[in-house]
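J.: Pasting a structure below so you can have a look.
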Amino acid sequence: MVAVFEARHVSKNFGPVQALNDVSISIRTSEVHAIIGENGAGKSTLMNIFCGKLKPSFGELFRNGQPVEFHTPTDSQNAGITIAPQEVNLVPRLTVAENILLGAHLCVSGVIDWSATRQKAVKCLHEIDDTIDPDIKVDRLNKAQQQLVQIARAVATSARILIFDEPTAALTNRETEKLYSFVRRFRDEGGSVFYISHRLDEILSLSDRITVLQDGKSIGQLEPKATTKEEMINMMAGRKVQGTHKPRPYVERREIVLRAQGLTRAGEFSDISFELHKGEILGIAGLIGAGRTELGRCLFGVTQADTGKIDMFGETVSIRHPSDAIAKGFVYLPEERKAEGIFPLLSITENMALPSYSRLRSLFGLRFGEIATEVADYANKLRIKLGSVNDPITSLSGGNQQKVILARWLMLGVKVLILDEPTRGIDVNAKFEIQSMLKGLCEKGLSIIYISSELLEVLEVSDRILVMHEGRIKGVQRADQATQESLLQQAMS
Amino acid sequence: MPNQRAVISTPLTPTSRLGRFRQWEASGVVFALVVLCVLLSVATPNFFSLTNVPIVLRNASFVGLVALGQTLVLLVGGIDLSVGAIAGLSAIIGALMLTVLGIHPYAVIPLTCLFGLGLGFANAVFVAKLRLNPFIVTLASGEIFAGANLVITQGYPIRPLGSNFRFFGQGEVFGIPAPVIVFFGAGIILWWMLTKTRFGRNIYAVGGNRDAALLVGIRVWRVEFAVYGLAGAFAALSGILYASRMDAAQPSVGEGWMLSAITAAIIGGTSLRGGEGTILGTIFGALLLTVLQNGTVLLNVSGYWQRLIVGSVVLVAILVDLLRRK
């Protein structure tokens, strides 16, 4: 069968860095072609070439066998190729419908025909989801809904080749199912899909063909029906990685570090009571919108609970601001690493040491020598891959950025970490590395609350798992006795 | 954990001096200033004379002091459009302290700065506590301060301020004009504060990412209060020094300073989005603006051309900055 779109021997250099090296890849009609690889393997670069945002340094693109060149994203769209990007880029103060057809309003001699425009937008939206109000402003939607609107916008371009870049990263299980059924329907109607995802399960169930990228090279194709997750991970990593569900042996712990009693915050969560023991990883599972992030932020003092109290080490604490929580030795690592975790303009050193400055200063200012020593020390301990600690933090990959943020708090000597989706958007190897690091830290007496939407991840990491649903705690399960099914059942009941 | 070296790839920070200079936010303005100075000293023999250089430096000091405070505000991602009006109103209040209340000249300067600090705090209440847009708040408060100025003075200058007081604006120490010493002294202190202290680094943190700053436990509103307060204090200092120089508190003191202060900071590499900028850059920015003005006078260019030239320089500075980022 002839390829509807094909890239032959494509390479891309950014200065001395070779992001893509002689990659050839093609897609047929009625095909979902998954592309997997670690962060930095070149997936996004390749997709950016397909959608006209980047030009290849070498190599050619073919559409239906004819050579094509994309100078702008418009060229690519005219060729019927559209990307639904990973990062949501919608206009917050415009309605859902207008966002979907932004720049593609239906016009009658230059004047927008609003009713026809809205009608078309609603039709595209319903391809994906029929619960979102098309007339609501986008900033009123939650992240998952915004992601769906973003996808609907891609659908609205009537492209025959859709590129999905981590579409499910922000979605809950229910919305994910809607997306899957759209992808299958689109394929069955003759469409082609390039699908990038870190979720290997969905790739196995959704795709017709898998291409593995490693360090900018295409190192092989896999048949979804004939492969396993282990094989995919091994190929991506190029080395053996353990990745199956292996819960930690359960240990009874008695010393209570943190106790929440009847925490309630209107519209977010209600009557939350739990205990965190010393040296424990307490997972919090639940669908998006279950109130997990809100709970984490409230514990940390970003918001204030209406009622309820928090005890730390047996004494009731009043936390009005994150600095109060930090003074008590517990911190929250936000879900949105880029938006709330890092200081993009500052160096790695400053990103790590900023909260510790009050300890590392004298009358004459900050003690930079000591700061440098400590930062180098933690960079080594956490095996952060960096060029120089004075480089901007944005020069690091997501996994290494997350390690810098972890080091930030270890340096300060905190006792409790609240982690919100700590491994989102981080490649498989860095993920295992961070997780085993966290387990090691708990052996040394740190306690962790681990919020994650990936059930498997919660199962692998935690000692006990708190399941939340619509702002309430539905139950607590021991990780060695729980399964994905048992968690999901509780989370959806 | 195995003892593995973390450092593996090559650093991105250039190690050569030239490379580091090019990356520096203020490299464009320093380059422009040097070129301009060379051109002017070739074109007019008077430019590098012992009479002209102190004049340039003194003129740079008044706007420069305001620009230093403005830089702090810009660094946290804010903007203060009321600094010019604060300078004017503070000069009047300072002059009244001197003439009506008979306060000792040496006490008037710090008291006026305190007054400016208070006006800055007033701005901060709206910006930091009520989270209103700083552009709108300071636009309004600037009008109020300027209006109060006119109500108090009825448009007439307060003069004379007395020979004891003139030193701060007119005096010299070892041939260096007093305002220049204040300006450079303030610059050194602020440079130290921004680069070497926790408070200074917190300013960059808040401006670079306000949400993240909150989540690392920085009390963001305190930083903002301090910064708007300092901007007010520096504007007041500049205003009262200018009054001392003129031996009169004119109601018009500070008119046009706000835009010049922002311009100096921006051509010095300070970003309007916050988190980026240096004190040294702002000092060079203020010098560049003044040298431009001085140069047009020395070259007998009509005053009408001045604004056109300044505007073009700002555009060029922004373009250079754009090239630097690439």
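Ordered as shown in the structure tokens, chains take letters A, B, and onward, while each chain numbers its residues from 1 and ligands are numbered from 1 in the order shown.
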Excluding Ser11 (chain A) and residues on its chain fewer than 4 positions from it, collect all residues at most 8 Å away from it, counting only C-alpha atoms, and give them as a PyMOL selection string.
T.: chain A and resi 18-23+56-59
J.: Could you write those residues out with C-alpha atoms, as a PDB file, in the first residue's frame?
T.:
```pdb
ATOM      1  CA  GLN A  18      22.127  16.495  16.071  1.00  0.00           C
ATOM      2  CA  ALA A  19      18.506  16.133  17.094  1.00  0.00           C
ATOM      3  CA  LEU A  20      17.599  13.819  14.230  1.00  0.00           C
ATOM      4  CA  ASN A  21      19.909  11.534  12.345  1.00  0.00           C
ATOM      5  CA  ASP A  22      18.783   9.964   9.064  1.00  0.00           C
ATOM      6  CA  VAL A  23      15.241   9.104  10.083  1.00  0.00           C
ATOM      7  CA  PRO A  56      14.951  19.535   8.074  1.00  0.00           C
ATOM      8  CA  SER A  57      18.697  20.022   7.628  1.00  0.00           C
ATOM      9  CA  PHE A  58      18.757  17.087   5.230  1.00  0.00           C
ATOM     10  CA  GLY A  59      16.201  14.725   3.758  1.00  0.00           C
TER      11      GLY A  59
END
```
J.: Please report as CSV every residue of chain A lying within 7 Å of chain B, along with the nearest atom pair and their distance in Å (one decimal), using only C-alpha atoms.
T.:
```
residue,atom,partner,partner_atom,distance
A:Pro322,CA,B:Gly217,CA,4.9
A:Ser323,CA,B:Gly217,CA,3.9
A:Ile326,CA,B:Gly217,CA,6.6
A:Glu340,CA,B:Ala212,CA,4.1
A:Gly341,CA,B:Ala212,CA,5.1
A:Ile342,CA,B:Ala212,CA,6.4
A:Phe343,CA,B:Asn209,CA,5.7
A:Pro344,CA,B:Gly208,CA,6.8
A:Leu345,CA,B:Gly208,CA,6.1
A:Pro355,CA,B:Val216,CA,6.2
A:Tyr357,CA,B:Arg198,CA,5.8
A:Ser358,CA,B:Arg198,CA,6.8
A:Gly365,CA,B:Thr197,CA,4.7
A:Leu366,CA,B:Lys196,CA,5.3
A:Ala379,CA,B:Ala6,CA,6.1
A:Asn380,CA,B:Ala6,CA,4.9
A:Arg383,CA,B:Ala6,CA,5.2
A:Ile384,CA,B:Ala6,CA,5.7
A:Lys385,CA,B:Ala6,CA,5.5
A:Leu386,CA,B:Val7,CA,5.5
A:Gly387,CA,B:Pro11,CA,4.0
A:Ser388,CA,B:Pro11,CA,4.7
A:Asn390,CA,B:Thr13,CA,6.9
A:Asp391,CA,B:Thr13,CA,5.8
```
J.: Based on DSSP run over this structure's backbone, return all residues of region 132-323 of chain B in strand (DSSP E or B), as a PyMOL selection string.
T.: chain B and resi 158+172-173+176-177+249
J.: Using only C-alpha atoms, find the one residue out of A:Thr211, A:Thr307, A:Ser395, A:Ser453 that sits nearest to Ser347 (chain A).
T.: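 Checking each candidate against Ser347 (chain A), we get A:Ser395 as the closest.
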J.: Using Å and a single decimal, report how far CA of Ile132 (chain A) sits from CA of Gln146 (chain A).
T.: 9.6 Å
J.: Between B:Pro160, B:Gly118, B:Gly229, B:Pro179, which has the minimum distance to Leu96 (chain B) (counting only C-alpha atoms)?
T.: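 Nearest to Leu96 (chain B): B:Pro160.
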J.: Which residue out of A:Glu6, A:Glu38, A:Asp135, A:Glu69 has the minimum interatomic distance to Gly399 (chain A) when only C-alpha atoms are used?
T.: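 Closest candidate: A:Glu38.
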J.: Write out as a VMD selection string the residues lying within 6 Å of region 85-95 of chain B, counting only C-alpha atoms and excluding same-chain residues fewer than 4 positions away.
T.: chain B and resid 112 142 145 to 146 149 235 to 236 239 to 240 249 253 to 254
J.: Any idea what's packed within 6 Å of Gly308 (chain A), counting only C-alpha atoms, ignoring anything in its chain fewer than 5 positions away? Could you give it as a tab-separated table (two decimals) with N, CA, C and O atoms, in the first residue's frame?
T.:
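So the final result, stored in result.tsv, reads:
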```tsv
chain	number	residue	atom	x	y	z
A	261	GLN	N	-7.06	16.25	60.13
A	261	GLN	CA	-8.33	15.86	60.71
A	261	GLN	C	-9.46	16.73	60.18
A	261	GLN	O	-9.47	17.95	60.41
A	262	GLY	N	-10.35	16.12	59.44
A	262	GLY	CA	-11.56	16.81	58.98
A	262	GLY	C	-11.31	18.04	58.13
A	262	GLY	O	-12.07	19.00	58.19
A	263	LEU	N	-10.26	18.02	57.31
A	263	LEU	CA	-9.98	19.18	56.46
A	263	LEU	C	-11.07	19.35	55.41
A	263	LEU	O	-11.41	18.41	54.70
```
J.: Under the rule that only C-alpha atoms are counted, which of A:Asn351, A:Thr423, A:Gln147, A:Thr45 is the nearest residue to Trp409 (chain A)?
T.: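 Ranking A:Asn351, A:Thr423, A:Gln147, A:Thr45 by distance to Trp409 (chain A), first place goes to A:Asn351.
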J.: Please run DSSP on the backbone and report, as a PDB file with N, CA, C and O atoms, in the first residue's frame, all residues within region 76-182 of chain A that come out as alpha helix (DSSP H).
T.:
```
ATOM      1  N   SER A  76       2.010  23.066   5.752  1.00  0.00           N
ATOM      2  CA  SER A  76       1.730  21.724   6.228  1.00  0.00           C
ATOM      3  C   SER A  76       0.233  21.498   6.377  1.00  0.00           C
ATOM      4  O   SER A  76      -0.299  20.458   6.010  1.00  0.00           O
ATOM      5  N   GLN A  77      -0.454  22.514   6.899  1.00  0.00           N
ATOM      6  CA  GLN A  77      -1.918  22.384   7.052  1.00  0.00           C
ATOM      7  C   GLN A  77      -2.600  22.262   5.700  1.00  0.00           C
ATOM      8  O   GLN A  77      -3.551  21.501   5.551  1.00  0.00           O
ATOM      9  N   ASN A  78      -2.095  23.010   4.716  1.00  0.00           N
ATOM     10  CA  ASN A  78      -2.679  22.902   3.385  1.00  0.00           C
ATOM     11  C   ASN A  78      -2.483  21.507   2.809  1.00  0.00           C
ATOM     12  O   ASN A  78      -3.259  21.062   1.965  1.00  0.00           O
ATOM     13  N   VAL A  96     -15.148  28.514  24.006  1.00  0.00           N
ATOM     14  CA  VAL A  96     -14.690  27.238  23.459  1.00  0.00           C
ATOM     15  C   VAL A  96     -14.877  27.210  21.945  1.00  0.00           C
ATOM     16  O   VAL A  96     -13.956  26.903  21.188  1.00  0.00           O
ATOM     17  N   ALA A  97     -16.070  27.585  21.511  1.00  0.00           N
ATOM     18  CA  ALA A  97     -16.376  27.518  20.077  1.00  0.00           C
ATOM     19  C   ALA A  97     -15.429  28.414  19.279  1.00  0.00           C
ATOM     20  O   ALA A  97     -14.907  28.006  18.240  1.00  0.00           O
ATOM     21  N   GLU A  98     -15.196  29.613  19.784  1.00  0.00           N
ATOM     22  CA  GLU A  98     -14.344  30.513  19.018  1.00  0.00           C
ATOM     23  C   GLU A  98     -12.902  30.032  19.003  1.00  0.00           C
ATOM     24  O   GLU A  98     -12.199  30.175  18.003  1.00  0.00           O
ATOM     25  N   ASN A  99     -12.476  29.433  20.105  1.00  0.00           N
ATOM     26  CA  ASN A  99     -11.126  28.882  20.133  1.00  0.00           C
ATOM     27  C   ASN A  99     -10.942  27.780  19.108  1.00  0.00           C
ATOM     28  O   ASN A  99      -9.893  27.668  18.484  1.00  0.00           O
ATOM     29  N   ILE A 100     -11.983  26.977  18.949  1.00  0.00           N
ATOM     30  CA  ILE A 100     -11.859  25.848  18.035  1.00  0.00           C
ATOM     31  C   ILE A 100     -11.673  26.323  16.598  1.00  0.00           C
ATOM     32  O   ILE A 100     -10.902  25.752  15.838  1.00  0.00           O
ATOM     33  N   TRP A 114     -21.509  34.028  12.407  1.00  0.00           N
ATOM     34  CA  TRP A 114     -21.329  33.438  13.733  1.00  0.00           C
ATOM     35  C   TRP A 114     -22.107  32.148  13.939  1.00  0.00           C
ATOM     36  O   TRP A 114     -21.607  31.220  14.557  1.00  0.00           O
ATOM     37  N   SER A 115     -23.307  32.086  13.414  1.00  0.00           N
ATOM     38  CA  SER A 115     -24.088  30.878  13.702  1.00  0.00           C
ATOM     39  C   SER A 115     -23.504  29.672  12.979  1.00  0.00           C
ATOM     40  O   SER A 115     -23.392  28.590  13.545  1.00  0.00           O
ATOM     41  N   ALA A 116     -23.035  29.868  11.744  1.00  0.00           N
ATOM     42  CA  ALA A 116     -22.425  28.754  11.019  1.00  0.00           C
ATOM     43  C   ALA A 116     -21.112  28.357  11.676  1.00  0.00           C
ATOM     44  O   ALA A 116     -20.780  27.171  11.805  1.00  0.00           O
ATOM     45  N   THR A 117     -20.360  29.387  12.107  1.00  0.00           N
ATOM     46  CA  THR A 117     -19.078  29.115  12.771  1.00  0.00           C
ATOM     47  C   THR A 117     -19.290  28.292  14.028  1.00  0.00           C
ATOM     48  O   THR A 117     -18.633  27.281  14.263  1.00  0.00           O
ATOM     49  N   ARG A 118     -20.268  28.736  14.828  1.00  0.00           N
ATOM     50  CA  ARG A 118     -20.525  28.041  16.074  1.00  0.00           C
ATOM     51  C   ARG A 118     -20.971  26.608  15.813  1.00  0.00           C
ATOM     52  O   ARG A 118     -20.529  25.671  16.463  1.00  0.00           O
ATOM     53  N   GLN A 119     -21.814  26.462  14.799  1.00  0.00           N
ATOM     54  CA  GLN A 119     -22.319  25.134  14.459  1.00  0.00           C
ATOM     55  C   GLN A 119     -21.179  24.178  14.112  1.00  0.00           C
ATOM     56  O   GLN A 119     -21.125  23.044  14.584  1.00  0.00           O
ATOM     57  N   LYS A 120     -20.258  24.682  13.306  1.00  0.00           N
ATOM     58  CA  LYS A 120     -19.147  23.823  12.895  1.00  0.00           C
ATOM     59  C   LYS A 120     -18.276  23.483  14.105  1.00  0.00           C
ATOM     60  O   LYS A 120     -17.833  22.342  14.266  1.00  0.00           O
ATOM     61  N   ALA A 121     -18.043  24.481  14.955  1.00  0.00           N
ATOM     62  CA  ALA A 121     -17.211  24.250  16.136  1.00  0.00           C
ATOM     63  C   ALA A 121     -17.844  23.186  17.027  1.00  0.00           C
ATOM     64  O   ALA A 121     -17.165  22.285  17.520  1.00  0.00           O
ATOM     65  N   VAL A 122     -19.149  23.306  17.224  1.00  0.00           N
ATOM     66  CA  VAL A 122     -19.847  22.352  18.083  1.00  0.00           C
ATOM     67  C   VAL A 122     -19.737  20.949  17.506  1.00  0.00           C
ATOM     68  O   VAL A 122     -19.522  19.971  18.217  1.00  0.00           O
ATOM     69  N   LYS A 123     -19.840  20.855  16.178  1.00  0.00           N
ATOM     70  CA  LYS A 123     -19.728  19.553  15.540  1.00  0.00           C
ATOM     71  C   LYS A 123     -18.352  18.935  15.804  1.00  0.00           C
ATOM     72  O   LYS A 123     -18.236  17.760  16.166  1.00  0.00           O
ATOM     73  N   CYS A 124     -17.317  19.747  15.660  1.00  0.00           N
ATOM     74  CA  CYS A 124     -15.968  19.243  15.905  1.00  0.00           C
ATOM     75  C   CYS A 124     -15.787  18.870  17.365  1.00  0.00           C
ATOM     76  O   CYS A 124     -15.155  17.865  17.692  1.00  0.00           O
ATOM     77  N   LEU A 125     -16.332  19.704  18.247  1.00  0.00           N
ATOM     78  CA  LEU A 125     -16.187  19.453  19.676  1.00  0.00           C
ATOM     79  C   LEU A 125     -16.850  18.124  20.038  1.00  0.00           C
ATOM     80  O   LEU A 125     -16.313  17.333  20.808  1.00  0.00           O
ATOM     81  N   HIS A 126     -18.018  17.876  19.446  1.00  0.00           N
ATOM     82  CA  HIS A 126     -18.759  16.660  19.782  1.00  0.00           C
ATOM     83  C   HIS A 126     -18.079  15.399  19.259  1.00  0.00           C
ATOM     84  O   HIS A 126     -18.360  14.310  19.730  1.00  0.00           O
ATOM     85  N   GLU A 127     -17.192  15.568  18.271  1.00  0.00           N
ATOM     86  CA  GLU A 127     -16.385  14.424  17.846  1.00  0.00           C
ATOM     87  C   GLU A 127     -15.584  13.891  19.034  1.00  0.00           C
ATOM     88  O   GLU A 127     -15.291  12.707  19.127  1.00  0.00           O
ATOM     89  N   ILE A 128     -15.179  14.804  19.918  1.00  0.00           N
ATOM     90  CA  ILE A 128     -14.305  14.440  21.025  1.00  0.00           C
ATOM     91  C   ILE A 128     -15.092  14.282  22.324  1.00  0.00           C
ATOM     92  O   ILE A 128     -14.906  13.339  23.076  1.00  0.00           O
ATOM     93  N   LYS A 143      -8.015  21.627  33.228  1.00  0.00           N
ATOM     94  CA  LYS A 143      -6.931  21.344  32.285  1.00  0.00           C
ATOM     95  C   LYS A 143      -7.277  20.249  31.296  1.00  0.00           C
ATOM     96  O   LYS A 143      -6.943  20.331  30.118  1.00  0.00           O
ATOM     97  N   ALA A 144      -7.948  19.221  31.795  1.00  0.00           N
ATOM     98  CA  ALA A 144      -8.297  18.111  30.919  1.00  0.00           C
ATOM     99  C   ALA A 144      -9.244  18.587  29.819  1.00  0.00           C
ATOM    100  O   ALA A 144      -9.084  18.249  28.647  1.00  0.00           O
ATOM    101  N   GLN A 145     -10.220  19.403  30.213  1.00  0.00           N
ATOM    102  CA  GLN A 145     -11.183  19.902  29.222  1.00  0.00           C
ATOM    103  C   GLN A 145     -10.483  20.799  28.195  1.00  0.00           C
ATOM    104  O   GLN A 145     -10.789  20.754  27.002  1.00  0.00           O
ATOM    105  N   GLN A 146      -9.541  21.600  28.677  1.00  0.00           N
ATOM    106  CA  GLN A 146      -8.813  22.459  27.745  1.00  0.00           C
ATOM    107  C   GLN A 146      -8.043  21.615  26.734  1.00  0.00           C
ATOM    108  O   GLN A 146      -7.975  21.945  25.551  1.00  0.00           O
ATOM    109  N   GLN A 147      -7.476  20.514  27.215  1.00  0.00           N
ATOM    110  CA  GLN A 147      -6.752  19.625  26.326  1.00  0.00           C
ATOM    111  C   GLN A 147      -7.687  19.087  25.243  1.00  0.00           C
ATOM    112  O   GLN A 147      -7.331  19.005  24.076  1.00  0.00           O
ATOM    113  N   LEU A 148      -8.917  18.761  25.652  1.00  0.00           N
ATOM    114  CA  LEU A 148      -9.887  18.238  24.674  1.00  0.00           C
ATOM    115  C   LEU A 148     -10.245  19.303  23.647  1.00  0.00           C
ATOM    116  O   LEU A 148     -10.397  19.012  22.465  1.00  0.00           O
ATOM    117  N   VAL A 149     -10.391  20.535  24.123  1.00  0.00           N
ATOM    118  CA  VAL A 149     -10.709  21.630  23.187  1.00  0.00           C
ATOM    119  C   VAL A 149      -9.557  21.796  22.199  1.00  0.00           C
ATOM    120  O   VAL A 149      -9.769  21.998  20.993  1.00  0.00           O
ATOM    121  N   GLN A 150      -8.348  21.678  22.718  1.00  0.00           N
ATOM    122  CA  GLN A 150      -7.175  21.774  21.853  1.00  0.00           C
ATOM    123  C   GLN A 150      -7.230  20.703  20.762  1.00  0.00           C
ATOM    124  O   GLN A 150      -6.936  20.959  19.601  1.00  0.00           O
ATOM    125  N   ILE A 151      -7.630  19.511  21.146  1.00  0.00           N
ATOM    126  CA  ILE A 151      -7.718  18.426  20.176  1.00  0.00           C
ATOM    127  C   ILE A 151      -8.841  18.699  19.172  1.00  0.00           C
ATOM    128  O   ILE A 151      -8.690  18.494  17.967  1.00  0.00           O
ATOM    129  N   ALA A 152      -9.957  19.233  19.689  1.00  0.00           N
ATOM    130  CA  ALA A 152     -11.069  19.575  18.796  1.00  0.00           C
ATOM    131  C   ALA A 152     -10.640  20.609  17.764  1.00  0.00           C
ATOM    132  O   ALA A 152     -11.080  20.592  16.618  1.00  0.00           O
ATOM    133  N   ARG A 153      -9.750  21.506  18.182  1.00  0.00           N
ATOM    134  CA  ARG A 153      -9.276  22.512  17.241  1.00  0.00           C
ATOM    135  C   ARG A 153      -8.492  21.844  16.111  1.00  0.00           C
ATOM    136  O   ARG A 153      -8.597  22.243  14.949  1.00  0.00           O
ATOM    137  N   ALA A 154      -7.703  20.836  16.453  1.00  0.00           N
ATOM    138  CA  ALA A 154      -6.971  20.107  15.414  1.00  0.00           C
ATOM    139  C   ALA A 154      -7.940  19.395  14.478  1.00  0.00           C
ATOM    140  O   ALA A 154      -7.765  19.400  13.267  1.00  0.00           O
ATOM    141  N   VAL A 155      -8.988  18.825  15.064  1.00  0.00           N
ATOM    142  CA  VAL A 155      -9.996  18.123  14.253  1.00  0.00           C
ATOM    143  C   VAL A 155     -10.658  19.096  13.274  1.00  0.00           C
ATOM    144  O   VAL A 155     -10.931  18.758  12.120  1.00  0.00           O
ATOM    145  N   ALA A 156     -10.862  20.330  13.735  1.00  0.00           N
ATOM    146  CA  ALA A 156     -11.590  21.313  12.929  1.00  0.00           C
ATOM    147  C   ALA A 156     -10.864  21.684  11.650  1.00  0.00           C
ATOM    148  O   ALA A 156     -11.460  22.251  10.739  1.00  0.00           O
ATOM    149  N   ASN A 173      -9.128   9.086  33.076  1.00  0.00           N
ATOM    150  CA  ASN A 173      -9.469   7.857  32.361  1.00  0.00           C
ATOM    151  C   ASN A 173     -10.695   8.001  31.464  1.00  0.00           C
ATOM    152  O   ASN A 173     -10.720   7.513  30.344  1.00  0.00           O
ATOM    153  N   ARG A 174     -11.695   8.726  31.969  1.00  0.00           N
ATOM    154  CA  ARG A 174     -12.943   8.834  31.222  1.00  0.00           C
ATOM    155  C   ARG A 174     -12.703   9.583  29.910  1.00  0.00           C
ATOM    156  O   ARG A 174     -13.123   9.159  28.839  1.00  0.00           O
ATOM    157  N   GLU A 175     -11.958  10.701  30.031  1.00  0.00           N
ATOM    158  CA  GLU A 175     -11.697  11.495  28.835  1.00  0.00           C
ATOM    159  C   GLU A 175     -10.756  10.778  27.882  1.00  0.00           C
ATOM    160  O   GLU A 175     -10.863  10.902  26.660  1.00  0.00           O
ATOM    161  N   THR A 176      -9.838  10.022  28.481  1.00  0.00           N
ATOM    162  CA  THR A 176      -8.913   9.253  27.663  1.00  0.00           C
ATOM    163  C   THR A 176      -9.685   8.291  26.765  1.00  0.00           C
ATOM    164  O   THR A 176      -9.401   8.166  25.582  1.00  0.00           O
ATOM    165  N   GLU A 177     -10.697   7.646  27.336  1.00  0.00           N
ATOM    166  CA  GLU A 177     -11.509   6.715  26.548  1.00  0.00           C
ATOM    167  C   GLU A 177     -12.159   7.419  25.368  1.00  0.00           C
ATOM    168  O   GLU A 177     -12.221   6.891  24.262  1.00  0.00           O
ATOM    169  N   LYS A 178     -12.659   8.642  25.623  1.00  0.00           N
ATOM    170  CA  LYS A 178     -13.290   9.403  24.534  1.00  0.00           C
ATOM    171  C   LYS A 178     -12.293   9.671  23.427  1.00  0.00           C
ATOM    172  O   LYS A 178     -12.603   9.581  22.236  1.00  0.00           O
ATOM    173  N   LEU A 179     -11.069  10.004  23.832  1.00  0.00           N
ATOM    174  CA  LEU A 179     -10.045  10.295  22.848  1.00  0.00           C
ATOM    175  C   LEU A 179      -9.721   9.033  22.039  1.00  0.00           C
ATOM    176  O   LEU A 179      -9.636   9.079  20.808  1.00  0.00           O
ATOM    177  N   TYR A 180      -9.595   7.906  22.749  1.00  0.00           N
ATOM    178  CA  TYR A 180      -9.290   6.655  22.049  1.00  0.00           C
ATOM    179  C   TYR A 180     -10.354   6.347  21.004  1.00  0.00           C
ATOM    180  O   TYR A 180     -10.046   5.979  19.878  1.00  0.00           O
ATOM    181  N   SER A 181     -11.614   6.528  21.418  1.00  0.00           N
ATOM    182  CA  SER A 181     -12.658   6.149  20.462  1.00  0.00           C
ATOM    183  C   SER A 181     -12.648   7.101  19.270  1.00  0.00           C
ATOM    184  O   SER A 181     -12.912   6.685  18.144  1.00  0.00           O
ATOM    185  N   PHE A 182     -12.281   8.370  19.511  1.00  0.00           N
ATOM    186  CA  PHE A 182     -12.171   9.276  18.365  1.00  0.00           C
ATOM    187  C   PHE A 182     -11.052   8.816  17.440  1.00  0.00           C
ATOM    188  O   PHE A 182     -11.229   8.766  16.219  1.00  0.00           O
TER     189      PHE A 182
END
```
J.: Skipping near chain neighbours, those fewer than 6 positions away, what residues fall within 8 Å of Gly475 (chain A) using only C-alpha atoms, listed as a PyMOL selection string?
T.: chain A and resi 466-468+490
J.: Which residues are near Ile267 (chain B)? Cut-off 7 Å, only C-alpha atoms, ignore same chain within fewer than 4 positions. Put them as a ChimeraX atom specification.
T.: /B:29,263,285,314,317-318
